[in-house]
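Below: one structure, written as structure tokens.
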Amino acid sequence: MNGFPRGRTAIVGAATFGVGKSPAYEAIDLAAQASLLALSEAGLKPRDVDALFIAQPQDTLATLSFAEYMGIDPKVSDNNRSGGSAFLLHLEHAALVLDAGLADVALIAYGSNQATASGKLVQASRPSAWEAPYKPLRPISSYALAASRHMHRYGTTKRQLAEVAVAARRWAQLNPEAVARDPLDIDAVVNARMVSDPLGVRDCCLVTDGAAAVVMVRAERARDLHARPVYLLAAASAVTHADIAAMPDLAVTGAAQSGARAYAQAGVRPSDIDVVQVYDAFTINTLLFLEDLGFCAKGEGGAFVEGGRIAPGGALPVNTSGGGLSYCHPGMFGLFTIVESVRQLRGECSARQIEGAQLALAHGNGGVLSSQATAIFGAEQTL
Amino acid sequence: MHPEAEFRSHLDAGRFMLLHSASRGVYVHPPRIAVPGSGETDLQWVPACGRGTVHATTVVRCKPPAVDYNVALIDLAEGPRMMSTVLGIAPADVRIGMAVRACIERGEDGSRVVFEPAS
């Protein structure tokens, strides 16, 4: 008995809006547009929402401002801020709230105009007093330090990291909504301008605008609201540190914990998963998460992704939207891993559709590999 | 106990200090009011021995005229790991496993613990 209400809640609305550049919109406008689109898929209005989950880039009281803006009177609200993984924590908590009958309709929303507003990644946290004197680039230097360990311990190469970026780009080329769709090859990634060794500019996610939203209800009501509900089978999370110096092992993330718990909740194994979305803020993330989520052995992520194995036509479809590396990265990408999972299980993905996909895994990352959160979704046949 | 303020005043006086719990036999850094996990509050300042090993390393690349610099994680001989920088060597020549020793660098923004190769 692990307590998670496996398959007892479902997503009945999932939408994105304003991916790319959305001049003249405020972040809250973008989140509102995505929310209206997601609600309309389920035939719902903002006033039908009674559980609100939101984390905005700079608005630390977003449950208040977004409830006011949308005309929502939430019985339950949650502004959990764990970085880009926050929306998977929202998913976990929304499932518990709905299953307990504390609320009936949950909305999870996010929107950012960081690309048009500042052109830089918006930082939601203050620099650590113990890091600031050394001027690491935030957050890339922390990921670079983790990458340096992975290369040292396992012999991982820059070309293997580049495979991740190229696979993401090839998926993005099949996604009309993706921001970066021009050709990219291994040499272009390896030879790109270095930012924080060993990570170059093509190892880094995009900086874009964009918004996403999902609507969740209890499973018993889901089929009345959407023809193809996507059921939540598992959601689990872990926190291992805040600053990279305190990460217990720079080559092993909390995804090993959150993933193991999620598989136990869902009653499935990594080999059962049809399509995978992991938060690829940097190329090293994908290697770490594929290992820690059990798709390959620890240390073998580099060899695993070689030869296009996670690219279109490969053995394991990973980041079919194009990911944070090539689809979009509006500051926090977690909710986009959920939306793409839903779209794949509904069969809405056209050229990038994984035929017959029934089990999808979405994985979020927050801070500097600090917060990890894993969700597993299933089509109706998996209940 | 005012962990951060006391650490900084020691540093400004030329002393790199760590917190030590006699009951747990552990050193704690960054400084805080209790031993993480077990919560003991018998923390006392003791001088760091200054010996360390490079655990992870990166070079932050800069547009000229700014110059590239090293950022590293250092495993202190006492146990804790800290972010710092290794000086006195080209930033890209810093290697994981390299033995280093601590020094205190005074700058416009205050003092900081830095490391150099332990010859």
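Every chain in the structure tokens has a letter given in the order shown (A, B, ...), and although residue numbers restart at 1 in each chain, ligands are simply numbered from 1 in the order shown.
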
**Report entry** Residues within 8 Å of Leu359 of chain A, only C-alpha atoms, excluding chain neighbours under 4 positions, as JSON, numbers by chain
**Finding:** {"A": [272, 273, 274, 275, 345, 376, 377, 378, 379, 382]}

For those residues, write N, CA and C atoms to a file as a short mmCIF file (atom, residue, chain, number, x, y, z; two decimals), in the first residue's frame.
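Saved as out.cif:
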data_model
loop_
_atom_site.label_atom_id
_atom_site.label_comp_id
_atom_site.auth_asym_id
_atom_site.auth_seq_id
_atom_site.Cartn_x
_atom_site.Cartn_y
_atom_site.Cartn_z
N ASP A 272 8.34 -0.78 -19.54
CA ASP A 272 6.94 -0.68 -19.96
C ASP A 272 6.61 0.69 -20.56
N ILE A 273 7.44 1.68 -20.31
CA ILE A 273 7.13 3.06 -20.69
C ILE A 273 7.29 3.23 -22.21
N ASP A 274 6.29 3.85 -22.84
CA ASP A 274 6.31 4.02 -24.29
C ASP A 274 6.95 5.33 -24.73
N VAL A 275 6.84 6.37 -23.90
CA VAL A 275 7.35 7.68 -24.32
C VAL A 275 7.75 8.46 -23.07
N LEU A 345 -0.42 10.50 -25.35
CA LEU A 345 -1.38 9.43 -24.98
C LEU A 345 -2.74 9.65 -25.63
N ILE A 376 3.76 9.36 -13.91
CA ILE A 376 3.49 8.35 -14.94
C ILE A 376 2.00 8.45 -15.29
N PHE A 377 1.74 8.58 -16.58
CA PHE A 377 0.38 8.68 -17.09
C PHE A 377 0.04 7.44 -17.89
N GLY A 378 -1.26 7.12 -17.91
CA GLY A 378 -1.68 5.98 -18.70
C GLY A 378 -2.94 6.27 -19.48
N ALA A 379 -3.06 5.63 -20.65
CA ALA A 379 -4.32 5.65 -21.37
C ALA A 379 -5.29 4.71 -20.65
N THR A 382 -4.62 1.10 -19.40
CA THR A 382 -3.64 0.80 -18.35
C THR A 382 -4.27 0.80 -16.97
#

**Report entry** alpha helix (DSSP H) positions in segment 91-339 of chain A, given as a PyMOL selection string
**Finding:** chain A and resi 91-99+114-117+140-154+158-172+186-190+219-225+255-266+283-292+301-305+334-339

Near-Gly301 of chain A list (9 Å; only C-alpha atoms; drop same-chain fewer than 3 positions) as a tab-separated table (two decimals) with C-alpha atoms, in the first residue's frame:
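Wrote out.tsv, looks like this:
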chain	number	residue	atom	x	y	z
A	156	THR	CA	31.17	10.40	-20.77
A	160	GLN	CA	27.63	11.93	-26.20
A	286	THR	CA	18.91	13.83	-19.99
A	287	LEU	CA	21.79	11.42	-19.36
A	288	LEU	CA	21.41	11.65	-15.58
A	289	PHE	CA	17.64	11.17	-15.68
A	290	LEU	CA	17.69	8.27	-18.16
A	291	GLU	CA	20.11	6.52	-15.80
A	295	PHE	CA	16.22	3.30	-18.69
A	296	CYS	CA	19.90	2.36	-18.63
A	297	ALA	CA	22.49	1.52	-15.98
A	298	LYS	CA	24.26	4.23	-13.97
A	304	PHE	CA	22.84	4.74	-24.38
A	305	VAL	CA	22.01	7.89	-26.36
A	306	GLU	CA	24.58	7.27	-29.10

Query - Of the listed residues B:Pro3, B:Arg112, B:Ala34, B:Gly52, that which approaches Arg81 of chain B most closely, counting only C-alpha atoms - result: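 Of all the options, B:Gly52 lies closest to Arg81 of chain B.
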
Query raised in the report: Residues of chain B within 10 Å of chain A, using only C-alpha atoms, as a PyMOL selection string?
Result: chain B and resi 4+29-31+55-62+68-75+80-85+92+95-97+107+109-114

Same residues, N, CA and C atoms, saved as a CSV table (one decimal), in the first residue's frame:
chain,number,residue,atom,x,y,z
B,4,GLU,N,26.6,32.7,9.9
B,4,GLU,CA,27.2,33.3,8.8
B,4,GLU,C,28.0,34.5,9.2
B,29,HIS,N,29.7,22.5,7.2
B,29,HIS,CA,29.8,23.7,6.4
B,29,HIS,C,28.9,23.6,5.2
B,30,PRO,N,28.2,24.7,4.7
B,30,PRO,CA,28.2,26.0,5.3
B,30,PRO,C,27.7,26.0,6.7
B,31,PRO,N,28.1,27.0,7.5
B,31,PRO,CA,27.8,27.1,8.9
B,31,PRO,C,26.3,27.2,9.1
B,55,HIS,N,37.0,18.2,-6.3
B,55,HIS,CA,35.9,17.2,-6.5
B,55,HIS,C,35.3,17.4,-7.9
B,56,ALA,N,35.1,18.6,-8.3
B,56,ALA,CA,34.5,18.9,-9.6
B,56,ALA,C,35.0,20.3,-10.1
B,57,THR,N,35.0,20.5,-11.4
B,57,THR,CA,35.6,21.8,-11.9
B,57,THR,C,35.0,22.2,-13.1
B,58,THR,N,34.9,23.6,-13.3
B,58,THR,CA,34.4,24.1,-14.5
B,58,THR,C,35.1,25.5,-14.8
B,59,VAL,N,35.2,25.9,-16.0
B,59,VAL,CA,35.7,27.2,-16.4
B,59,VAL,C,34.6,28.1,-16.9
B,60,VAL,N,34.4,29.2,-16.2
B,60,VAL,CA,33.4,30.1,-16.7
B,60,VAL,C,34.1,31.0,-17.8
B,61,ARG,N,33.5,30.9,-19.0
B,61,ARG,CA,34.1,31.6,-20.2
B,61,ARG,C,33.5,33.0,-20.3
B,62,CYS,N,34.4,33.9,-20.5
B,62,CYS,CA,34.0,35.3,-20.5
B,62,CYS,C,34.4,36.0,-21.8
B,68,ASP,N,38.5,34.4,-18.4
B,68,ASP,CA,37.9,33.1,-18.0
B,68,ASP,C,38.4,32.8,-16.5
B,69,TYR,N,37.6,32.2,-15.8
B,69,TYR,CA,38.0,31.8,-14.4
B,69,TYR,C,37.4,30.5,-14.0
B,70,ASN,N,38.1,29.9,-13.0
B,70,ASN,CA,37.7,28.6,-12.5
B,70,ASN,C,36.7,28.7,-11.4
B,71,VAL,N,35.7,27.7,-11.4
B,71,VAL,CA,34.8,27.5,-10.3
B,71,VAL,C,35.0,26.0,-10.0
B,72,ALA,N,35.2,25.6,-8.7
B,72,ALA,CA,35.4,24.2,-8.4
B,72,ALA,C,34.6,23.9,-7.1
B,73,LEU,N,34.4,22.6,-7.0
B,73,LEU,CA,33.9,22.1,-5.7
B,73,LEU,C,35.1,21.4,-5.0
B,74,ILE,N,35.4,21.8,-3.8
B,74,ILE,CA,36.5,21.3,-3.1
B,74,ILE,C,36.1,20.4,-1.9
B,75,ASP,N,36.6,19.2,-1.8
B,75,ASP,CA,36.3,18.3,-0.7
B,75,ASP,C,37.4,18.7,0.4
B,80,PRO,N,33.4,18.3,4.8
B,80,PRO,CA,32.5,19.1,4.0
B,80,PRO,C,33.0,19.4,2.6
B,81,ARG,N,32.1,19.7,1.7
B,81,ARG,CA,32.4,20.1,0.3
B,81,ARG,C,32.0,21.5,0.2
B,82,MET,N,32.8,22.3,-0.5
B,82,MET,CA,32.4,23.7,-0.7
B,82,MET,C,32.7,24.2,-2.1
B,83,MET,N,31.9,25.2,-2.5
B,83,MET,CA,32.3,25.8,-3.8
B,83,MET,C,33.4,26.8,-3.6
B,84,SER,N,34.4,26.9,-4.5
B,84,SER,CA,35.5,27.8,-4.4
B,84,SER,C,36.1,28.0,-5.8
B,85,THR,N,37.3,28.5,-5.8
B,85,THR,CA,38.0,28.6,-7.1
B,85,THR,C,39.4,28.2,-6.8
B,92,ALA,N,41.6,26.1,-16.9
B,92,ALA,CA,41.2,24.8,-17.6
B,92,ALA,C,42.2,23.7,-17.2
B,95,ARG,N,42.3,20.0,-12.3
B,95,ARG,CA,41.8,18.6,-12.5
B,95,ARG,C,41.1,18.0,-11.3
B,96,ILE,N,40.1,17.2,-11.5
B,96,ILE,CA,39.5,16.5,-10.5
B,96,ILE,C,40.5,15.6,-9.8
B,97,GLY,N,40.5,15.6,-8.5
B,97,GLY,CA,41.5,14.8,-7.7
B,97,GLY,C,42.8,15.6,-7.3
B,107,GLY,N,39.2,41.0,-1.0
B,107,GLY,CA,38.8,41.7,-2.2
B,107,GLY,C,37.9,42.9,-1.8
B,109,ASP,N,34.8,43.0,-2.3
B,109,ASP,CA,33.5,42.6,-1.8
B,109,ASP,C,33.7,41.8,-0.5
B,110,GLY,N,34.9,41.9,0.1
B,110,GLY,CA,35.1,41.1,1.3
B,110,GLY,C,36.1,40.0,1.1
B,111,SER,N,36.3,39.2,2.1
B,111,SER,CA,37.3,38.1,2.0
B,111,SER,C,36.6,36.8,1.6
B,112,ARG,N,37.3,36.0,0.9
B,112,ARG,CA,36.8,34.7,0.5
B,112,ARG,C,37.9,33.6,0.6
B,113,VAL,N,37.5,32.4,0.8
B,113,VAL,CA,38.4,31.3,0.8
B,113,VAL,C,38.6,30.8,-0.6
B,114,VAL,N,39.9,30.8,-1.0
B,114,VAL,CA,40.2,30.3,-2.4
B,114,VAL,C,41.3,29.2,-2.2

Query raised in the report: What lies within 12 Å of Phe87 of chain A using only C-alpha atoms, ignoring chain neighbours under 3 positions off, as a PyMOL selection string?
Result: chain A and resi 52-56+78-84+90-94+107-111+212-214+235-237+279+332-339+362-366+371-375

Query - Ile72 of chain A environment, 12 Å, only C-alpha atoms, sequence neighbours closer than 6 positions dropped, as a list in words - result: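 My reading of the contact set: Ala32, Ser35, Lys45, Pro46, Arg47, Asp48, Val49, Asp50, Ala51, Leu52, Phe53, Thr63, Leu64, Ser65, Phe66, Val105, Ala106 and Leu107 of chain A.
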
Query - Nearest-residue call for Ser341 of chain A, choices A:Leu383, A:Ala357, A:Met70, A:Leu206, using only C-alpha atoms - result: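 When distances to Ser341 of chain A are compared using only C-alpha atoms, the smallest one comes from A:Ala357.
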
Query raised in the report: Within 9 Å of Pro47 of chain B, counting only C-alpha atoms, which residues qualify if same-chain residues fewer than 5 places away don't, as a list of chain:residue names?
Result: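 With the cut-off at 9 Å, the set is B:Arg15, B:Phe16, B:Met17, B:Leu18, B:Leu19.
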
Produce a file of the selected residues containing C-alpha atoms, as a PDB file, in the first residue's frame.
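The resulting file, selection-v2.pdb, is shown below:
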ATOM      1  CA  ARG B  15      40.915  32.662   9.875  1.00  0.00           C
ATOM      2  CA  PHE B  16      39.117  29.963   7.824  1.00  0.00           C
ATOM      3  CA  MET B  17      36.958  28.277  10.447  1.00  0.00           C
ATOM      4  CA  LEU B  18      34.591  25.310  10.381  1.00  0.00           C
ATOM      5  CA  LEU B  19      31.922  24.281  12.842  1.00  0.00           C
TER       6      LEU B  19
END

Requested in this report: Write out as a PyMOL selection string which residues come within 8 Å of segment 215-228 of chain A when counting only C-alpha atoms, dropping same-chain ones fewer than 5 positions away.
Outcome: chain A and resi 7-14+38-39+41-43+94-95+98-99+104-108+346+379-380

Report task. Grab the atom CA of Pro91 of chain B to atom CA of Cys205 of chain A distance for me, in Å with one decimal place. Result -> 25.0 Å

Requested in this report: In Å, rounded to a single decimal, give me how far atom CA of Glu116 of chain B is from atom CA of Val201 of chain A.
Outcome: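 Going from atom CA of Val201 of chain A over to atom CA of Glu116 of chain B covers 28.9 Å.
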
Report task. Write down as a VMD selection string the residues belonging to chain B that are assigned strand (DSSP E or B) by DSSP computed on the backbone. Result -> chain B and resid 17 to 21 26 to 28 43 to 47 51 to 60 69 to 76 81 to 84 86 99 to 107 110 to 117

With C-alpha atoms retained, write the just-selected residues as a short mmCIF file (atom, residue, chain, number, x, y, z; two decimals), in the first residue's frame.
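The result, stored in part.cif:
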data_model
loop_
_atom_site.label_atom_id
_atom_site.label_comp_id
_atom_site.auth_asym_id
_atom_site.auth_seq_id
_atom_site.Cartn_x
_atom_site.Cartn_y
_atom_site.Cartn_z
CA MET B 17 36.96 28.28 10.45
CA LEU B 18 34.59 25.31 10.38
CA LEU B 19 31.92 24.28 12.84
CA HIS B 20 32.58 21.02 14.69
CA SER B 21 30.19 18.91 16.73
CA VAL B 26 31.41 15.84 12.33
CA TYR B 27 32.32 19.15 10.72
CA VAL B 28 29.53 21.29 9.29
CA LEU B 43 28.77 23.32 17.36
CA GLN B 44 32.10 25.04 18.06
CA TRP B 45 34.37 26.96 15.69
CA VAL B 46 37.64 25.21 14.91
CA PRO B 47 40.30 26.18 12.37
CA ARG B 51 43.88 20.79 2.91
CA GLY B 52 41.44 19.83 0.18
CA THR B 53 40.91 17.90 -3.03
CA VAL B 54 39.22 19.10 -6.22
CA HIS B 55 35.93 17.21 -6.53
CA ALA B 56 34.50 18.91 -9.65
CA THR B 57 35.63 21.77 -11.86
CA THR B 58 34.39 24.15 -14.55
CA VAL B 59 35.73 27.17 -16.38
CA VAL B 60 33.40 30.14 -16.72
CA TYR B 69 37.97 31.85 -14.38
CA ASN B 70 37.71 28.59 -12.50
CA VAL B 71 34.83 27.47 -10.30
CA ALA B 72 35.39 24.24 -8.40
CA LEU B 73 33.93 22.09 -5.67
CA ILE B 74 36.54 21.28 -3.05
CA ASP B 75 36.35 18.34 -0.67
CA LEU B 76 37.87 19.60 2.56
CA ARG B 81 32.43 20.07 0.33
CA MET B 82 32.42 23.75 -0.66
CA MET B 83 32.27 25.83 -3.79
CA SER B 84 35.46 27.83 -4.40
CA VAL B 86 41.50 27.28 -7.74
CA ALA B 99 45.39 18.32 -4.04
CA VAL B 100 44.85 21.96 -3.08
CA ARG B 101 45.36 24.18 -0.06
CA ALA B 102 43.21 27.04 1.19
CA CYS B 103 44.17 30.69 1.34
CA ILE B 104 42.16 33.76 2.17
CA GLU B 105 41.81 36.37 -0.53
CA ARG B 106 40.77 39.88 0.44
CA GLY B 107 38.83 41.74 -2.22
CA GLY B 110 35.09 41.13 1.34
CA SER B 111 37.25 38.11 2.04
CA ARG B 112 36.81 34.69 0.46
CA VAL B 113 38.38 31.27 0.80
CA VAL B 114 40.24 30.30 -2.36
CA PHE B 115 42.55 27.38 -3.14
CA GLU B 116 45.84 26.86 -4.90
CA PRO B 117 47.62 23.68 -5.96
#
